[in-house]
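Presented below is the structure to which this report refers.
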Amino acid sequence: MIGFDPQTSCFFLSGKNFSYVFAVNGVGMLQHLYYGHQIAASDAAFLIKAHGEAYAPQADDLNYDMRTDDMLSECGSFARGDFREPTVVVERADGARMSRFCYHSHKIVKGALPLKGMPCARKADETLVVTLKDDFSEVEIDLKYTVSEDSDVLVRSLAVRNGGSDPVQVKKAFSFCAELPDTRRNFSALRLTGSWAKERAPVLSPLAEGILRLHSSRGYSSHQMNPFLALLEENAGEEMGECYGFALLYSGSFAMTAECSHNGSIRVQGGISDELFGWKLCAGEVLETPQAALCYSREGLGGMSRAYHDFFRESIIDPKYVHARRPVVVNNWEATYFDFDNEKLFAIIDEAAKLGIDTFVLDDGWFGKRDSDTSGLGDWVVNGHKLKGGLQAVIDRCKQKGLRFGLWFEPEMVSEDSDLFRAHPDWAIAKAGVEPCRGRNQLILDFTRKEVVDHVFAAVSKVLRENDISYVKWDKNRDMTENYSASLSPERQGEFWHRYALGFYDLAKRLTEAFPEVFFEGCAGGGGRFDGGALYYFPQIWTSDDTDGMERTKIQWGTSILYPLSSMSCHVSACPNHQTQRTTPFFTRGAIASLGATGYELDLSKLSFEEKEQVKAQIENYKRIDELVLKGDLYRLSDPFHTNYFCEMLVAKDKSRAYLVGEQFRADPCDHSRVLRLQGLDAGTIYCVEELGLKASGGALMDAGLILPHLGDCGAWGLHIEKA
Ligand code: GLA
């Protein structure tokens, strides 16, 4: 619901459980009043009186600009008395950068607003657009707020418009500014950090005076820092306490800041990285910023995660695929790496068919001169020496066996030893005269250039058009360095990162629209581009190259803080694990992989008879629970970072059934912490816990709990809980 009271000039927004309130104050600025648990719209007058007037600058006060430093603002401005981090900074033709953005007009429209060239919420109930005008220039800002009655997510973004005749340089344009006043909640900041094979590990630290800055300058969202920040009140836990989430729906270099300022408030902002940013706006031009999804929960982190999961499933992920049964794939990467031929692939395909797997995905190495990672990227033409009979022979084999076929691409990359590079050396990101940095022996194509994106679109389309391909794995295996395009004028080099992101989105949009029957999985050296922007095009993303049965519990736990399980590709791989050298039981690897879009990443033809029987059983089990993975509510019960157990539970929305997976890391005969209290069930309903042969009310299962069985090192259990 979005309301505007002309008497008080107050905007009152609410979603499922939250309210968000701000007003035009005495000097025409947008003053923030409240963000938190839902309150009545009739309390707006109280908010203005009690929370607004204390700080509101008055028009007859000569010094009022300086008082904006104490004001909670909807958009921080620069060089006019608000000394906190600004939200938007615009430099005019004469170099002047001071702005005072004041209310000009607003409109409330039905539904969500499309965002040209970028991912955005597909649906919502209503959107508010408030237009602000700079008192000193012709620059305008549209602040956008989108809400839905059934969601705890508030979507925000802004657009900067040059209404004048001279060009201006936008030096900074974050997507949102949100202010949380000091209400004695002693917030801590949670972020998802990591590296290759260790993505999205949650890190919680107290906030203190100064600025906490999260960012990626790698050209994409990155393994190291997810574009997400949550503020947790003191003592908030998995299922209790207040949490505010801030997630960017963006895949490029980004920055997010939380500034604890002198006035006791916390200003949270984020968007396109402002590091060396600059965007030239000519007369009449508009710069749109990516959307950010803000979430409020007073049911702890778990409540926030469930609200985000619903949001991603309802509003971001392609509706055609989001609830559709996912293909159970076998991928040949860890089975063969680059060393494969028809026979090796056929052996995997034949075995996959016997075990109930439905899609075979051919990974890196099928194209160009690609026998190692030193060559071939960019040449999306089959390597006929390796694959006799080309892709067709492999696809035919899949078809004979009743399997579908998937293929790996790394569309944004080029090897120097490739026909593409030899023909267009200038298409790689580099600066003439400067030796380019190599990463995994490769360079990145300059996607700020339309002709480069057009070429890749044509090359990938040709393969998809000429072959029966139902699944694409879209990889990206290095960080961006030189951040320079020969095709951009000097004053536009600050646009590079964002223009690259727009090029990536352009290709993703064109390919997914041209091939709607192809299921696209995202990947970036594991889970390096796992963000709300990428999920718009890729319903699932390869979560991590680390598939070890123990490490994966942490990676999936951290990822689930923001992203739904159905968006995580999770495969069973061989032991000793290729990343950690650890051996974990086959059952455990299957149980952990069932908490996502499941599949296999090993040489099926080398499995023992018992392991093959387990694969069959795992797939049978998956078919039983995949509805819960796709649509259920997640409850995280035992934290793998701080306890000896990992445990998560999926509950059907109607609470008729649940599925619980857990793992014990170290065997411990004296472990007295084996009582596990379930969550999310209906207290008054009687449930059967199938594997334990127990019957109990939801209340007893949640309050008294289950006693976990003793297991060996890395032993796991999977329990089916159904209404009796
Ligand atoms: C990345 C991916 C892997 C695999 C390789 C192929 O590392 O994460 O799954 O596709 O590239 O080179």
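FYI, nothing fancy with the structure tokens labels: chains A, B, ... in order, residues from 1 per chain, ligands from 1 as they appear.
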Give me the residues near A:Asp682 as a list of chain:residue names, where near means some atom within 12 Å (using only C-alpha atoms) and where sequence neighbours in that chain fewer than 4 positions away do not count.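 In the requested format, the answer is A:Val651, A:Ala652, A:Lys653, A:Asp654, A:Lys655, A:Ser656, A:Arg657, A:Ala658, A:Leu678, A:Ile686, A:Tyr687, A:Ala696, A:Ser697, A:Gly698, A:Gly699, A:Ala700, A:Leu701, A:Met702, A:Asp703, A:Ile721, A:Glu722, A:Lys723.
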Test item: residues lying within 9 Å of ligand 1 with only C-alpha atoms and all ligand atoms, as a PyMOL selection string: chain A and resi 331+333-334+337-338+363-365+372-373+408-410+473-477+523-528+542-546+601
Might you pull out every residue within 7 Å of stretch 505-510 of chain A, with only C-alpha atoms counted and same-chain residues fewer than 5 positions away left off, and present them as a list of chain:residue names? A:Gly117, A:Met118, A:Val453, A:Phe457, A:Tyr537
List as a compact mmCIF listing (two decimals) with N, CA, C and O atoms, in the first residue's frame the protein and nucleic acid residues near A:Glu209, meaning an atom at most 8 Å away when only C-alpha atoms are counted, but skip any in the same chain fewer than 3 places from it.
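So the final result, stored in out_30.txt, reads:
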```txt
# COMPACT_ATOMS: atom_id res chain seq x y z
N GLU A 259 27.03 3.85 7.43
CA GLU A 259 27.74 4.94 8.11
C GLU A 259 27.05 5.24 9.44
O GLU A 259 25.89 5.64 9.47
N CYS A 260 27.79 5.05 10.52
CA CYS A 260 27.25 5.41 11.85
C CYS A 260 27.68 6.84 12.08
O CYS A 260 28.87 7.13 12.22
N SER A 261 26.73 7.72 12.12
CA SER A 261 27.14 9.11 12.17
C SER A 261 26.94 9.72 13.55
O SER A 261 26.37 9.11 14.44
N HIS A 262 27.39 10.96 13.66
CA HIS A 262 27.38 11.69 14.93
C HIS A 262 25.97 11.80 15.50
O HIS A 262 25.79 11.94 16.69
```
Would you list, as a ChimeraX atom specification, the residues of stretch 331-508 of chain A that end up in strand (DSSP E) under DSSP run on this structure's backbone? /A:331,359-362,404-409,413-415,442-444,471-474
Prev. selection, N, CA, C and O atoms, output as a compact mmCIF listing (two decimals), in the first residue's frame:
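As written to disk, selection04.txt reads:
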```
# COMPACT_ATOMS: atom_id res chain seq x y z
N ASN A 331 27.52 -33.68 -14.98
CA ASN A 331 28.44 -32.78 -15.67
C ASN A 331 29.80 -33.48 -15.70
O ASN A 331 30.23 -34.06 -14.70
N THR A 359 19.84 -35.27 -17.74
CA THR A 359 20.55 -34.36 -18.65
C THR A 359 22.06 -34.56 -18.51
O THR A 359 22.59 -34.63 -17.39
N PHE A 360 22.74 -34.64 -19.64
CA PHE A 360 24.19 -34.71 -19.63
C PHE A 360 24.73 -33.34 -20.04
O PHE A 360 24.35 -32.81 -21.08
N VAL A 361 25.60 -32.76 -19.21
CA VAL A 361 26.17 -31.44 -19.53
C VAL A 361 27.65 -31.60 -19.88
O VAL A 361 28.44 -32.07 -19.06
N LEU A 362 27.97 -31.20 -21.11
CA LEU A 362 29.36 -31.25 -21.57
C LEU A 362 30.03 -29.93 -21.19
O LEU A 362 29.63 -28.86 -21.66
N ARG A 404 18.74 -35.59 -22.15
CA ARG A 404 18.84 -34.31 -22.82
C ARG A 404 20.29 -33.83 -22.72
O ARG A 404 21.08 -34.35 -21.92
N PHE A 405 20.61 -32.82 -23.52
CA PHE A 405 22.01 -32.43 -23.63
C PHE A 405 22.22 -30.96 -23.24
O PHE A 405 21.46 -30.08 -23.66
N GLY A 406 23.26 -30.72 -22.46
CA GLY A 406 23.61 -29.35 -22.07
C GLY A 406 25.05 -29.04 -22.45
O GLY A 406 25.88 -29.94 -22.60
N LEU A 407 25.37 -27.76 -22.58
CA LEU A 407 26.69 -27.37 -23.07
C LEU A 407 27.23 -26.15 -22.31
O LEU A 407 26.49 -25.24 -21.97
N TRP A 408 28.54 -26.16 -22.10
CA TRP A 408 29.25 -25.08 -21.37
C TRP A 408 29.73 -24.00 -22.34
O TRP A 408 30.22 -24.31 -23.42
N PHE A 409 29.60 -22.76 -21.95
CA PHE A 409 30.17 -21.63 -22.70
C PHE A 409 30.82 -20.69 -21.69
O PHE A 409 30.41 -20.63 -20.52
N MET A 413 34.69 -14.31 -22.58
CA MET A 413 36.15 -14.44 -22.51
C MET A 413 36.80 -14.71 -23.87
O MET A 413 36.14 -15.16 -24.80
N VAL A 414 38.10 -14.49 -23.91
CA VAL A 414 38.86 -14.81 -25.12
C VAL A 414 40.27 -15.25 -24.71
O VAL A 414 40.85 -14.70 -23.77
N SER A 415 40.77 -16.28 -25.41
CA SER A 415 42.16 -16.70 -25.23
C SER A 415 42.99 -15.98 -26.29
O SER A 415 42.52 -15.81 -27.42
N GLN A 442 43.65 -16.00 -19.63
CA GLN A 442 42.69 -15.47 -20.58
C GLN A 442 42.44 -13.98 -20.38
O GLN A 442 42.77 -13.41 -19.35
N LEU A 443 41.84 -13.39 -21.39
CA LEU A 443 41.46 -11.98 -21.34
C LEU A 443 39.94 -11.89 -21.39
O LEU A 443 39.26 -12.86 -21.74
N ILE A 444 39.43 -10.71 -21.06
CA ILE A 444 37.97 -10.52 -21.09
C ILE A 444 37.61 -9.70 -22.31
O ILE A 444 38.32 -8.76 -22.68
N TYR A 471 20.15 -27.02 -22.29
CA TYR A 471 20.73 -26.49 -21.04
C TYR A 471 22.05 -25.83 -21.38
O TYR A 471 22.85 -26.39 -22.14
N VAL A 472 22.27 -24.65 -20.87
CA VAL A 472 23.56 -23.99 -21.07
C VAL A 472 24.15 -23.63 -19.71
O VAL A 472 23.44 -23.10 -18.84
N LYS A 473 25.42 -23.93 -19.53
CA LYS A 473 26.13 -23.46 -18.34
C LYS A 473 26.99 -22.28 -18.79
O LYS A 473 27.90 -22.45 -19.60
N TRP A 474 26.70 -21.10 -18.27
CA TRP A 474 27.37 -19.85 -18.69
C TRP A 474 28.39 -19.48 -17.62
O TRP A 474 28.04 -19.02 -16.56
```
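Excluding A:Ser151 itself and same-chain residues fewer than 6 positions from it, the residues having an atom within 7 Å of it are Gly15, Lys16, Ala307 and Phe311 of chain A, counting only C-alpha atoms.
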Those same residues, written as a compact mmCIF listing (two decimals), in the first residue's frame with N, CA, C and O atoms?
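Dumped everything to part08.txt:
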```txt
# COMPACT_ATOMS: atom_id res chain seq x y z
N GLY A 15 4.18 -2.94 3.36
CA GLY A 15 4.14 -4.25 2.71
C GLY A 15 3.45 -5.21 3.65
O GLY A 15 2.57 -4.82 4.43
N LYS A 16 3.89 -6.48 3.62
CA LYS A 16 3.22 -7.51 4.43
C LYS A 16 3.32 -7.18 5.93
O LYS A 16 2.32 -7.15 6.63
N ALA A 307 11.65 -14.27 3.54
CA ALA A 307 11.03 -13.17 2.78
C ALA A 307 11.80 -12.94 1.47
O ALA A 307 11.22 -12.73 0.41
N PHE A 311 10.62 -13.44 -2.42
CA PHE A 311 10.77 -12.32 -3.36
C PHE A 311 11.51 -12.77 -4.63
O PHE A 311 11.07 -12.49 -5.75
```
For stretch 569-579 of chain A, please output as a ChimeraX atom specification all residues within 7 Å (counting only C-alpha atoms; exclusion window: fewer than 3 positions along the same chain). /A:540-543,546-548,582-583,589-590,593,596-602
Correct to one decimal, the distance atom CA of A:Ser560-atom CA of A:Asn621 is 21.4 Å
Hey, which bits of stretch 152-179 of chain A sit within 12 Å of stretch 241-245 of chain A, and for each residue what's the closest pair of atoms and how far apart in Å (one decimal), counting only C-alpha atoms, rows by chain and increasing number, as CSV?
```
residue,atom,partner,partner_atom,distance
A:Asp152,CA,A:Gly245,CA,10.3
A:Val153,CA,A:Gly245,CA,8.9
A:Leu154,CA,A:Gly245,CA,10.1
A:Val155,CA,A:Gly245,CA,11.4
A:Ala178,CA,A:Tyr244,CA,10.3
A:Glu179,CA,A:Tyr244,CA,11.0
```
